[in-house]
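Visitor: Just one file: my_file_19.cif, with mmCIF, C-alpha atoms and all ligand atoms.
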data_entry
loop_
_atom_site.label_atom_id
_atom_site.label_comp_id
_atom_site.auth_asym_id
_atom_site.auth_seq_id
_atom_site.Cartn_x
_atom_site.Cartn_y
_atom_site.Cartn_z
CA MET A 1 18.57 28.52 -32.51
CA GLU A 2 18.42 26.46 -29.32
CA THR A 3 21.31 24.03 -29.00
CA ILE A 4 20.78 20.57 -27.56
CA PRO A 5 24.03 19.29 -26.03
CA PHE A 6 25.00 15.62 -26.23
CA ALA A 7 25.02 15.21 -22.45
CA VAL A 8 23.99 17.32 -19.45
CA PRO A 9 24.35 15.98 -15.90
CA TYR A 10 21.26 16.19 -13.71
CA ILE A 11 22.40 18.30 -10.74
CA GLY A 12 19.89 19.87 -8.37
CA ALA A 13 19.82 21.87 -5.16
CA GLU A 14 20.25 18.68 -3.09
CA GLU A 15 23.63 17.98 -4.73
CA GLU A 16 24.73 21.57 -4.07
CA GLU A 17 23.67 21.32 -0.42
CA ALA A 18 25.46 17.98 0.02
CA VAL A 19 28.72 19.36 -1.35
CA LEU A 20 28.42 22.49 0.80
CA ARG A 21 27.78 20.37 3.88
CA VAL A 22 31.09 18.57 3.32
CA LEU A 23 32.98 21.77 2.51
CA ARG A 24 31.81 23.21 5.83
CA SER A 25 32.47 20.03 7.80
CA GLY A 26 36.26 20.31 7.92
CA TRP A 27 36.74 16.80 6.44
CA LEU A 28 37.18 16.91 2.65
CA THR A 29 39.00 13.71 1.71
CA THR A 30 37.82 10.08 1.99
CA GLY A 31 35.83 9.69 5.19
CA PRO A 32 32.30 9.25 6.54
CA GLU A 33 30.51 10.35 3.34
CA THR A 34 32.47 7.79 1.33
CA GLN A 35 31.67 5.05 3.84
CA ALA A 36 27.99 5.96 3.64
CA PHE A 37 28.14 6.11 -0.19
CA GLU A 38 29.68 2.63 -0.29
CA GLN A 39 27.04 1.27 2.08
CA GLU A 40 24.14 2.81 0.18
CA PHE A 41 25.53 1.71 -3.18
CA ALA A 42 25.94 -1.84 -1.83
CA ALA A 43 22.34 -1.82 -0.59
CA SER A 44 21.09 -0.66 -3.99
CA LEU A 45 22.76 -3.70 -5.59
CA GLY A 46 21.78 -6.13 -2.82
CA VAL A 47 25.40 -6.92 -1.89
CA LEU A 48 27.21 -6.58 1.45
CA PRO A 49 28.78 -3.21 2.32
CA GLN A 50 32.21 -4.77 2.75
CA GLN A 51 32.10 -5.92 -0.90
CA VAL A 52 32.01 -2.35 -2.22
CA LEU A 53 34.87 0.16 -2.51
CA ALA A 54 34.65 3.69 -3.89
CA VAL A 55 37.49 5.04 -6.06
CA ASN A 56 38.21 8.23 -7.98
CA SER A 57 37.39 6.76 -11.44
CA ALA A 58 36.29 3.55 -13.10
CA THR A 59 39.70 3.46 -14.76
CA ALA A 60 41.27 3.30 -11.29
CA GLY A 61 38.70 0.66 -10.35
CA LEU A 62 39.49 -1.53 -13.36
CA HIS A 63 43.20 -1.20 -12.66
CA LEU A 64 42.71 -2.23 -9.03
CA ALA A 65 40.39 -5.09 -10.02
CA LEU A 66 42.92 -6.56 -12.45
CA GLU A 67 45.70 -6.07 -9.93
CA ALA A 68 43.64 -7.92 -7.33
CA CYS A 69 43.21 -10.77 -9.85
CA GLY A 70 47.00 -11.03 -9.95
CA VAL A 71 47.30 -9.88 -13.58
CA ARG A 72 50.93 -9.28 -14.54
CA LYS A 73 53.42 -9.49 -17.41
CA GLY A 74 52.81 -12.59 -19.51
CA ASP A 75 49.07 -12.67 -18.77
CA LEU A 76 46.30 -12.13 -21.31
CA VAL A 77 43.07 -10.24 -20.75
CA PHE A 78 40.15 -10.57 -23.20
CA VAL A 79 38.70 -7.13 -23.93
CA PRO A 80 36.11 -6.13 -26.55
CA SER A 81 37.60 -4.00 -29.34
CA TYR A 82 34.43 -1.90 -29.16
CA THR A 83 34.99 -0.01 -25.92
CA PHE A 84 36.61 3.04 -24.39
CA ALA A 85 40.38 3.34 -23.93
CA ALA A 86 40.10 2.70 -20.18
CA SER A 87 38.92 -0.92 -20.53
CA ALA A 88 42.20 -1.88 -22.22
CA GLU A 89 44.82 0.57 -20.96
CA VAL A 90 44.57 -0.87 -17.44
CA VAL A 91 45.83 -4.19 -18.80
CA ARG A 92 48.90 -2.39 -20.12
CA TYR A 93 49.44 -0.62 -16.77
CA LEU A 94 50.17 -4.11 -15.42
CA GLN A 95 52.36 -4.99 -18.44
CA ALA A 96 49.96 -7.75 -19.43
CA ASP A 97 48.60 -8.16 -22.97
CA ILE A 98 45.18 -7.70 -24.50
CA VAL A 99 43.34 -10.10 -26.75
CA PHE A 100 40.67 -8.03 -28.47
CA VAL A 101 37.32 -9.63 -29.19
CA ASP A 102 34.99 -8.49 -31.98
CA CYS A 103 31.31 -7.58 -31.51
CA ALA A 104 28.73 -10.28 -32.13
CA PRO A 105 27.02 -9.81 -35.52
CA GLY A 106 24.43 -7.03 -35.31
CA SER A 107 25.41 -6.26 -31.70
CA PHE A 108 27.62 -3.83 -29.84
CA LEU A 109 28.54 -6.48 -27.28
CA MET A 110 31.50 -8.85 -27.28
CA ASP A 111 31.00 -11.96 -29.41
CA ILE A 112 31.06 -14.87 -26.96
CA ASP A 113 31.64 -17.44 -29.73
CA LYS A 114 34.70 -15.52 -30.91
CA LEU A 115 35.83 -15.18 -27.30
CA GLU A 116 35.57 -18.94 -26.85
CA GLU A 117 37.35 -19.52 -30.15
CA SER A 118 40.23 -17.30 -29.00
CA ILE A 119 40.51 -18.97 -25.60
CA ASP A 120 40.38 -22.41 -27.27
CA ARG A 121 43.06 -21.52 -29.75
CA LEU A 122 45.34 -20.05 -27.09
CA SER A 123 44.86 -23.13 -24.91
CA ALA A 124 45.90 -25.27 -27.89
CA GLY A 125 49.08 -23.19 -28.29
CA LYS A 126 47.75 -21.32 -31.34
CA ARG A 127 47.23 -17.63 -31.96
CA ALA A 128 43.96 -16.03 -30.84
CA TYR A 129 41.40 -14.73 -33.32
CA GLY A 130 42.76 -11.44 -34.71
CA TRP A 131 46.05 -11.85 -32.83
CA ARG A 132 49.20 -11.14 -34.81
CA GLY A 133 51.72 -9.74 -32.37
CA GLY A 134 52.58 -8.85 -28.81
CA ALA A 135 53.22 -11.54 -26.26
CA GLY A 136 52.19 -14.33 -28.63
CA PRO A 137 50.55 -17.65 -27.89
CA CYS A 138 52.86 -18.55 -25.00
CA ALA A 139 51.13 -15.97 -22.76
CA THR A 140 48.57 -17.13 -20.19
CA PRO A 141 44.84 -16.32 -20.49
CA LYS A 142 43.86 -14.79 -17.15
CA VAL A 143 40.81 -12.51 -17.21
CA ILE A 144 37.71 -11.85 -19.33
CA LEU A 145 36.69 -8.19 -19.20
CA PRO A 146 33.17 -7.87 -20.67
CA VAL A 147 31.77 -4.37 -21.21
CA HIS A 148 28.04 -3.77 -20.70
CA TYR A 149 27.96 -1.32 -23.59
CA ALA A 150 25.35 1.45 -23.26
CA GLY A 151 23.91 -0.32 -20.21
CA LEU A 152 22.92 -3.50 -22.07
CA CYS A 153 24.23 -6.50 -20.15
CA CYS A 154 26.48 -9.10 -21.70
CA ASP A 155 25.39 -12.71 -21.36
CA MET A 156 27.05 -13.20 -18.00
CA GLN A 157 25.89 -16.82 -17.64
CA SER A 158 27.81 -17.85 -20.76
CA ILE A 159 30.82 -15.72 -19.88
CA ASN A 160 30.98 -17.12 -16.35
CA ALA A 161 30.61 -20.67 -17.69
CA LEU A 162 33.52 -20.10 -20.08
CA ALA A 163 35.59 -18.54 -17.30
CA LYS A 164 34.92 -21.53 -15.07
CA ARG A 165 35.83 -24.01 -17.80
CA TYR A 166 39.14 -22.30 -18.53
CA ARG A 167 39.85 -21.10 -14.94
CA LEU A 168 39.72 -17.43 -15.83
CA ARG A 169 38.56 -14.50 -13.72
CA VAL A 170 35.84 -12.12 -14.86
CA VAL A 171 36.01 -8.35 -14.32
CA GLU A 172 32.84 -6.62 -15.51
CA ASP A 173 33.24 -3.14 -16.96
CA ALA A 174 29.89 -1.79 -15.76
CA ALA A 175 30.82 1.86 -16.42
CA HIS A 176 27.55 2.32 -18.38
CA ALA A 177 25.42 -0.05 -16.40
CA PHE A 178 23.93 1.45 -13.28
CA PRO A 179 21.36 0.29 -12.62
CA ALA A 180 21.23 -2.43 -15.25
CA TYR A 181 20.25 -6.07 -15.05
CA THR A 182 20.87 -9.30 -16.88
CA VAL A 183 17.89 -10.96 -18.54
CA GLN A 184 17.75 -13.18 -15.45
CA GLY A 185 17.21 -10.01 -13.38
CA THR A 186 20.57 -9.93 -11.56
CA PRO A 187 22.38 -6.57 -11.29
CA ALA A 188 25.21 -5.83 -13.71
CA GLY A 189 28.54 -5.50 -11.93
CA THR A 190 27.74 -8.22 -9.39
CA GLN A 191 28.01 -11.25 -11.66
CA GLY A 192 31.74 -11.54 -12.26
CA ASP A 193 34.61 -11.87 -9.78
CA LEU A 194 34.66 -8.09 -9.69
CA GLY A 195 32.56 -5.31 -11.25
CA VAL A 196 33.40 -1.66 -11.81
CA PHE A 197 31.05 1.32 -12.21
CA SER A 198 31.83 4.86 -13.42
CA PHE A 199 30.54 8.18 -12.09
CA TYR A 200 32.18 10.26 -14.85
CA ALA A 201 30.26 13.40 -15.84
CA THR A 202 28.20 11.73 -18.60
CA LYS A 203 27.46 8.47 -16.76
CA PRO A 204 24.07 7.29 -15.42
CA ILE A 205 24.86 8.86 -12.04
CA THR A 206 27.78 11.23 -11.62
CA THR A 207 30.22 12.63 -9.10
CA GLY A 208 32.12 14.50 -11.86
CA GLU A 209 34.82 11.85 -11.64
CA GLY A 210 34.47 8.69 -9.60
CA GLY A 211 33.86 4.98 -9.58
CA MET A 212 32.82 1.99 -7.47
CA ILE A 213 34.20 -1.54 -7.34
CA VAL A 214 32.11 -4.54 -6.32
CA CYS A 215 34.15 -7.49 -5.09
CA GLY A 216 32.97 -11.09 -5.26
CA THR A 217 35.12 -12.22 -2.32
CA PRO A 218 36.54 -10.54 0.83
CA ALA A 219 40.09 -11.24 -0.39
CA TYR A 220 39.61 -8.88 -3.36
CA ALA A 221 38.15 -6.19 -1.11
CA GLU A 222 41.03 -6.46 1.36
CA ARG A 223 43.63 -6.15 -1.38
CA ILE A 224 41.86 -3.24 -3.08
CA ALA A 225 41.32 -1.32 0.19
CA ILE A 226 45.10 -1.33 0.63
CA MET A 227 46.12 -0.73 -2.98
CA ARG A 228 43.70 2.18 -3.57
CA SER A 229 45.55 4.07 -0.81
CA HIS A 230 49.31 3.80 -1.42
CA GLY A 231 49.55 0.19 -0.23
CA ILE A 232 49.00 1.46 3.31
CA ASP A 233 47.45 -0.93 5.83
CA ARG A 234 45.09 1.66 7.42
CA THR A 235 42.67 4.10 5.81
CA VAL A 236 43.09 7.80 6.60
CA TRP A 237 39.65 7.88 8.19
CA ASN A 238 40.41 4.89 10.43
CA ARG A 239 43.74 6.41 11.41
CA TYR A 240 41.93 9.40 12.80
CA THR A 241 39.01 7.60 14.37
CA ASP A 242 40.27 4.33 15.83
CA THR A 243 42.14 3.99 19.10
CA LYS A 244 45.64 3.28 17.69
CA ALA A 245 47.99 6.26 17.24
CA SER A 246 46.74 8.29 14.25
CA TRP A 247 50.24 8.85 12.81
CA TYR A 248 51.11 5.16 12.58
CA TYR A 249 50.79 3.13 9.34
CA GLN A 250 52.76 0.59 7.38
CA VAL A 251 53.27 0.46 3.59
CA ILE A 252 52.92 -3.17 2.63
CA ASP A 253 53.01 -2.80 -1.18
CA ALA A 254 53.57 -0.13 -3.84
CA GLY A 255 49.96 1.02 -4.09
CA TYR A 256 48.15 3.85 -5.85
CA LYS A 257 46.36 7.09 -4.97
CA TYR A 258 42.86 6.14 -6.10
CA ASN A 259 40.65 7.20 -3.16
CA ILE A 260 37.58 9.38 -3.72
CA PRO A 261 37.15 12.58 -1.66
CA ASP A 262 34.10 13.03 0.57
CA ILE A 263 33.07 16.11 -1.45
CA LEU A 264 32.37 13.78 -4.39
CA SER A 265 30.89 10.97 -2.31
CA ALA A 266 28.34 13.39 -0.86
CA LEU A 267 27.34 14.31 -4.42
CA GLY A 268 27.22 10.62 -5.30
CA ARG A 269 24.85 9.82 -2.43
CA VAL A 270 22.30 12.30 -3.73
CA GLN A 271 22.74 11.02 -7.28
CA LEU A 272 22.26 7.47 -6.03
CA SER A 273 18.94 8.44 -4.48
CA ARG A 274 17.89 9.82 -7.87
CA ALA A 275 19.12 6.80 -9.85
CA PRO A 276 15.72 5.09 -10.36
CA ALA A 277 14.09 8.31 -11.61
CA LEU A 278 17.04 9.15 -13.89
CA ALA A 279 17.00 5.62 -15.32
CA GLU A 280 13.24 5.78 -15.92
CA ARG A 281 13.57 9.01 -17.87
CA ARG A 282 16.39 7.65 -20.04
CA LYS A 283 14.25 4.62 -20.82
CA LYS A 284 11.34 6.87 -21.79
CA ILE A 285 13.56 8.89 -24.14
CA ALA A 286 15.00 5.70 -25.65
CA ALA A 287 11.46 4.39 -26.23
CA LEU A 288 10.53 7.61 -28.05
CA TYR A 289 13.61 7.30 -30.29
CA ASP A 290 12.86 3.59 -30.87
CA ALA A 291 9.33 4.42 -31.98
CA ALA A 292 10.55 7.17 -34.31
CA PHE A 293 13.33 5.21 -36.05
CA GLU A 294 12.28 1.55 -35.79
CA THR A 295 10.49 1.28 -39.12
CA ASP A 296 12.67 3.74 -40.99
CA GLU A 297 14.98 1.98 -43.47
CA HIS A 298 17.68 4.63 -42.97
CA PHE A 299 18.36 3.49 -39.42
CA ILE A 300 19.06 0.50 -37.22
CA ILE A 301 17.84 1.09 -33.69
CA PRO A 302 19.96 -0.27 -30.82
CA PRO A 303 19.38 -3.87 -29.76
CA THR A 304 17.83 -3.97 -26.30
CA ALA A 305 16.68 -6.49 -23.70
CA PRO A 306 14.88 -6.44 -20.35
CA GLY A 307 17.16 -4.84 -17.76
CA ASP A 308 18.96 -2.60 -20.29
CA ALA A 309 19.89 0.73 -18.60
CA ARG A 310 19.71 2.53 -21.96
CA HIS A 311 22.56 4.75 -20.88
CA LEU A 312 23.39 5.67 -24.51
CA TYR A 313 21.25 5.72 -27.64
CA PRO A 314 23.57 4.30 -30.32
CA LEU A 315 21.71 4.72 -33.61
CA ARG A 316 23.24 3.14 -36.73
CA LEU A 317 22.91 4.91 -40.06
CA CYS A 318 22.37 2.81 -43.19
CA GLU A 319 23.74 3.40 -46.68
CA PRO A 320 23.84 5.82 -48.38
CA LEU A 321 23.96 7.94 -45.20
CA ASP A 322 27.46 9.01 -44.30
CA ARG A 323 28.02 9.16 -40.55
CA ASP A 324 30.64 11.91 -40.55
CA SER A 325 28.75 14.41 -42.72
CA PHE A 326 25.55 13.55 -40.81
CA ILE A 327 27.24 14.61 -37.56
CA THR A 328 28.53 17.82 -39.14
CA ASP A 329 25.04 18.71 -40.34
CA LEU A 330 23.50 17.91 -36.95
CA LYS A 331 26.04 20.18 -35.31
CA GLU A 332 25.08 22.99 -37.69
CA ARG A 333 21.49 22.52 -36.50
CA GLY A 334 22.62 22.80 -32.87
CA ILE A 335 22.34 19.12 -31.98
CA GLY A 336 25.23 17.54 -30.13
CA VAL A 337 25.92 13.87 -30.73
CA SER A 338 28.88 11.60 -30.05
CA VAL A 339 30.36 8.32 -31.30
CA HIS A 340 30.72 5.29 -29.04
CA PHE A 341 33.28 4.03 -29.85
CA ILE A 342 36.28 4.37 -32.13
CA PRO A 343 37.34 0.71 -31.83
CA LEU A 344 40.52 0.21 -29.87
CA HIS A 345 42.09 -2.07 -32.48
CA THR A 346 42.13 0.93 -34.88
CA MET A 347 44.06 3.12 -32.44
CA PRO A 348 47.71 3.79 -33.37
CA TYR A 349 49.06 2.42 -30.08
CA TYR A 350 47.32 -0.96 -30.35
CA LYS A 351 47.76 -1.20 -34.12
CA LYS A 352 51.49 -0.93 -33.68
CA LEU A 353 51.71 -3.07 -30.55
CA TYR A 354 49.71 -5.99 -31.98
CA SER A 355 50.15 -5.44 -35.77
CA LEU A 356 46.42 -4.93 -36.23
CA GLU A 357 44.38 -3.87 -39.27
CA ASP A 358 41.05 -2.03 -39.21
CA ASP A 359 39.18 -5.00 -40.69
CA ASP A 360 40.60 -7.54 -38.22
CA PHE A 361 37.43 -6.99 -36.17
CA PRO A 362 34.87 -6.36 -38.91
CA GLU A 363 31.69 -6.11 -36.81
CA SER A 364 33.29 -3.65 -34.47
CA TYR A 365 34.61 -1.59 -37.37
CA ARG A 366 31.21 -1.61 -39.12
CA ASN A 367 29.48 -0.43 -35.93
CA PHE A 368 31.97 2.40 -35.66
CA ARG A 369 31.39 3.51 -39.26
CA GLN A 370 27.62 3.59 -38.77
CA GLU A 371 27.09 4.76 -35.19
CA ILE A 372 25.96 8.08 -33.72
CA SER A 373 25.02 8.46 -30.06
CA LEU A 374 21.99 10.70 -29.64
CA PRO A 375 21.38 12.99 -26.65
CA ILE A 376 19.64 11.00 -23.90
CA TRP A 377 19.99 13.03 -20.71
CA PRO A 378 17.20 12.91 -18.14
CA ALA A 379 16.28 16.61 -18.11
CA MET A 380 15.62 16.67 -21.87
CA THR A 381 12.16 18.01 -22.57
CA ASP A 382 9.75 16.27 -24.93
CA ALA A 383 10.13 19.28 -27.26
CA GLN A 384 13.91 18.75 -27.36
CA ILE A 385 13.49 15.02 -28.02
CA ASN A 386 11.06 15.77 -30.83
CA ARG A 387 13.48 18.27 -32.32
CA VAL A 388 16.29 15.71 -32.33
CA ILE A 389 13.97 13.22 -34.04
CA SER A 390 12.68 15.61 -36.68
CA CYS A 391 16.17 16.95 -37.46
CA ILE A 392 17.49 13.42 -37.95
CA GLN A 393 14.56 12.43 -40.15
CA GLU A 394 14.86 15.58 -42.22
CA LEU A 395 18.63 15.15 -42.65
CA ALA A 396 18.25 11.49 -43.62
CA ALA A 397 15.78 12.44 -46.36
CA ARG A 398 18.05 15.23 -47.59
CA HIS A 399 21.22 13.10 -47.60
CA CYS A 400 19.43 10.30 -49.45
CA SER A 401 18.04 12.67 -52.08
CA LEU A 402 21.59 13.88 -52.79
CA HIS A 403 22.52 10.29 -53.68
CA ARG A 404 19.68 9.73 -56.13
C1 LIG B 1 33.13 1.45 -21.14
C2 LIG B 1 33.91 2.36 -20.26
N1 LIG B 1 34.75 1.83 -19.36
C3 LIG B 1 35.47 2.60 -18.53
C4 LIG B 1 35.38 3.96 -18.57
C5 LIG B 1 36.23 4.78 -17.65
O1 LIG B 1 35.46 5.49 -16.73
P1 LIG B 1 36.12 6.66 -15.85
O2 LIG B 1 36.08 7.90 -16.69
O3 LIG B 1 35.24 6.75 -14.64
O4 LIG B 1 37.50 6.25 -15.53
C6 LIG B 1 34.51 4.57 -19.47
C7 LIG B 1 34.41 6.03 -19.52
O5 LIG B 1 33.88 6.65 -20.39
C8 LIG B 1 33.77 3.76 -20.35
O6 LIG B 1 32.93 4.28 -21.26
#
Please go through the file and, once you have read it, give me the structure as structure tokens.
Ligand SMILES: Cc1ncc(COP(=O)(O)O)c(C=O)c1O

Guide:
Amino acid sequence: METIPFAVPYIGAEEEEAVLRVLRSGWLTTGPETQAFEQEFAASLGVLPQQVLAVNSATAGLHLALEACGVRKGDLVFVPSYTFAASAEVVRYLQADIVFVDCAPGSFLMDIDKLEESIDRLSAGKRAYGWRGGAGPCATPKVILPVHYAGLCCDMQSINALAKRYRLRVVEDAAHAFPAYTVQGTPAGTQGDLGVFSFYATKPITTGEGGMIVCGTPAYAERIAIMRSHGIDRTVWNRYTDTKASWYYQVIDAGYKYNIPDILSALGRVQLSRAPALAERRKKIAALYDAAFETDEHFIIPPTAPGDARHLYPLRLCEPLDRDSFITDLKERGIGVSVHFIPLHTMPYYKKLYSLEDDDFPESYRNFRQEISLPIWPAMTDAQINRVISCIQELAARHCSLHR
């Protein structure tokens, strides 16, 4: 039986050649390939090269972005409960607190009404929606961190309007969203104060591990350039190429080691050149799944909108289908799927920290109970896509008949 994995990166001979070129060049760490990657990434988004900084993960990027916003102990960051650990843990790195926000009804994206309700309540000295512990209402709302789940953009116009009204910063978690666009046609990751992309192995383009930060102002970029490299005032590459003594540098803050090596940036440059084709193929696969499941009462197909990157295919299973046994049976048939996400408010760490219950964020919890992410990698053949579809349809019929 042929197995169909959940995710397979698209790596060709060009990626291999690019990595080899760097290995043979004598310069492995952050250097000319990274500069070129930043410039090309900036051009692909229509922003200036100096706005864009490459890092070794999106987690590092989110950490640096919040740090550049001045987030610290006593501050509050609004994060959807329906996201990956990284979106929230970075808030804790800075000893600030998280206010989780539920999904909008029927959606995987943060509920902007609930977000507003929470900000309103906190501004009036009350507790936020779902908030029972932690720093309490005396903490200061500082940042909204929307997540463009599966490559579908949040309503950035409304989020930015809220942020402006309450003087908050916006850091977009665009880990899934390259290239993705708002319904107005503007690129995800360029609409907030800062935006962060991921090049993790399963992401729309990959460097194995890696990320990119887009900064809305030069001040953010200046701060991040220093903090991604130990708080040192000169980059390694500049130290060896400019006219000042190469050994000389000053540490001006306690920074981090978040730079990306040129080996990975070279890989990223090739992936970037493939991005439109990879995105097109994912959209094609998503359209085939949509057509197969749209009218089937066992399933809810993912909400979509123009500009959606369709990075994941989060299918929701309806009663009486049981998500967990469905996944087990798919695995037995050689089909790999995943779940995006186990909501953060159900995780032991956050439950304990903020005294949370599973049903505090009911939409998020319902999504989790129903969701399976289907394989949607660009090199999937039509035969593989059809096999995924027929297996799911067959299993749905079988599981339902067991309940009759
Ligand atoms: C929504 C979201 N944000 C952030 C991250 C972190 O990305 P990275 O692995 O590049 O740190 C991920 C990774 O899966 C993610 O799904």

Visitor: Which is closer to Val251 of chain A than all the others in A:Val147, A:Leu264, A:Ile226, A:Met380, using all atoms listed in the file?

Guide: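 Of A:Val147, A:Leu264, A:Ile226, A:Met380, the one nearest Val251 of chain A, counting all atoms listed in the file, is A:Ile226.
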
Visitor: Which polymer residues have any atom within 8 Å of an atom of Pro261 of chain A, counting only C-alpha atoms, with same-chain residues fewer than 2 positions away left out, as JSON, numbers by chain?

Guide: {"A": [28, 29, 30, 31, 34, 56, 259, 263, 264, 265]}

Visitor: Write out as a PyMOL selection string each polymer residue whose atoms come within 8 Å of Arg132 of chain A, counting all atoms listed in the file; drop sequence neighbours fewer than 5 positions from it.

Guide: chain A and resi 127+354-356

Visitor: I need the residue nearest ligand LIG 1 (chain B) from this list: A:Glu209, A:Glu297, A:Asp358, A:Asp262. Use all atoms listed in the file for the distance.

Guide: A:Glu209

Visitor: Can you pull out every residue with an atom within 7 Å of ligand LIG 1 (chain B)? Use only C-alpha atoms and all ligand atoms and format it as a list in words.

Guide: Ser57, Ala58, Thr59, Ala60, Thr83, Phe84, Ala86, Ser87, Val147, Tyr149, Asp173, Ala175, His176, Ser198, Phe199, Tyr200, Glu209, Gly210 and Gly211 of chain A

Visitor: Could you take the residues named above and write them with C-alpha atoms, as a PDB file, keeping the file's coordinate frame?

Guide:
ATOM      1  CA  SER A  57      37.390   6.760 -11.440  1.00  0.00           C
ATOM      2  CA  ALA A  58      36.290   3.550 -13.100  1.00  0.00           C
ATOM      3  CA  THR A  59      39.700   3.460 -14.760  1.00  0.00           C
ATOM      4  CA  ALA A  60      41.270   3.300 -11.290  1.00  0.00           C
ATOM      5  CA  THR A  83      34.990  -0.010 -25.920  1.00  0.00           C
ATOM      6  CA  PHE A  84      36.610   3.040 -24.390  1.00  0.00           C
ATOM      7  CA  ALA A  86      40.100   2.700 -20.180  1.00  0.00           C
ATOM      8  CA  SER A  87      38.920  -0.920 -20.530  1.00  0.00           C
ATOM      9  CA  VAL A 147      31.770  -4.370 -21.210  1.00  0.00           C
ATOM     10  CA  TYR A 149      27.960  -1.320 -23.590  1.00  0.00           C
ATOM     11  CA  ASP A 173      33.240  -3.140 -16.960  1.00  0.00           C
ATOM     12  CA  ALA A 175      30.820   1.860 -16.420  1.00  0.00           C
ATOM     13  CA  HIS A 176      27.550   2.320 -18.380  1.00  0.00           C
ATOM     14  CA  SER A 198      31.830   4.860 -13.420  1.00  0.00           C
ATOM     15  CA  PHE A 199      30.540   8.180 -12.090  1.00  0.00           C
ATOM     16  CA  TYR A 200      32.180  10.260 -14.850  1.00  0.00           C
ATOM     17  CA  GLU A 209      34.820  11.850 -11.640  1.00  0.00           C
ATOM     18  CA  GLY A 210      34.470   8.690  -9.600  1.00  0.00           C
ATOM     19  CA  GLY A 211      33.860   4.980  -9.580  1.00  0.00           C
TER      20      GLY A 211
END

Visitor: Can you tell me which residues surround Tyr93 of chain A at a distance of at most 12 Å, considering only C-alpha atoms, apart from same-chain residues fewer than 5 positions away, and format the answer as a ChimeraX atom specification?

Guide: /A:59-60,62-64,66-67,71-73,86-88,98,256

Visitor: Every residue with an atom at most 8 Å from (41.6, -7.6, -21.6) (file coordinates; all atoms listed in the file) is what I'm after, so could you write them as a ChimeraX atom specification?

Guide: /A:76-80,87-88,91,97-100,143-145

Visitor: Would you please work out which residue, of A:Ala68, A:Leu152, A:Ala163, A:Ala85, is nearest to Ala177 of chain A when using all atoms listed in the file?

Guide: A:Leu152

Visitor: Would you mind reading off the distance between atom CA of Ala291 of chain A and atom CA of Pro306 of chain A, one decimal, in Å?

Guide: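 If I compute the distance from atom CA of Ala291 of chain A to atom CA of Pro306 of chain A, I get 16.9 Å.
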
Visitor: List as JSON, numbers by chain: which residues have an atom within 12 Å of (19.4, 25.2, -26.6), counting all atoms listed in the file?

Guide: {"A": [1, 2, 3, 4, 5, 6, 8, 333, 334, 335, 336, 380, 381, 383, 384, 385, 387, 388]}

Visitor: May I ask which of the residues A:Asp253, A:Asp242, A:Asp359, A:Asp193 is the closest one to Ala221 of chain A, counting all atoms listed in the file?

Guide: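 Smallest distance to Ala221 of chain A is found for A:Asp193.
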
Visitor: Return the single residue from A:Val52, A:Thr206, A:Phe299, A:Asp382 that is closest to Ala266 of chain A, with distances computed using only C-alpha atoms.

Guide: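 For Ala266 of chain A, the nearest of the given residues is A:Thr206.
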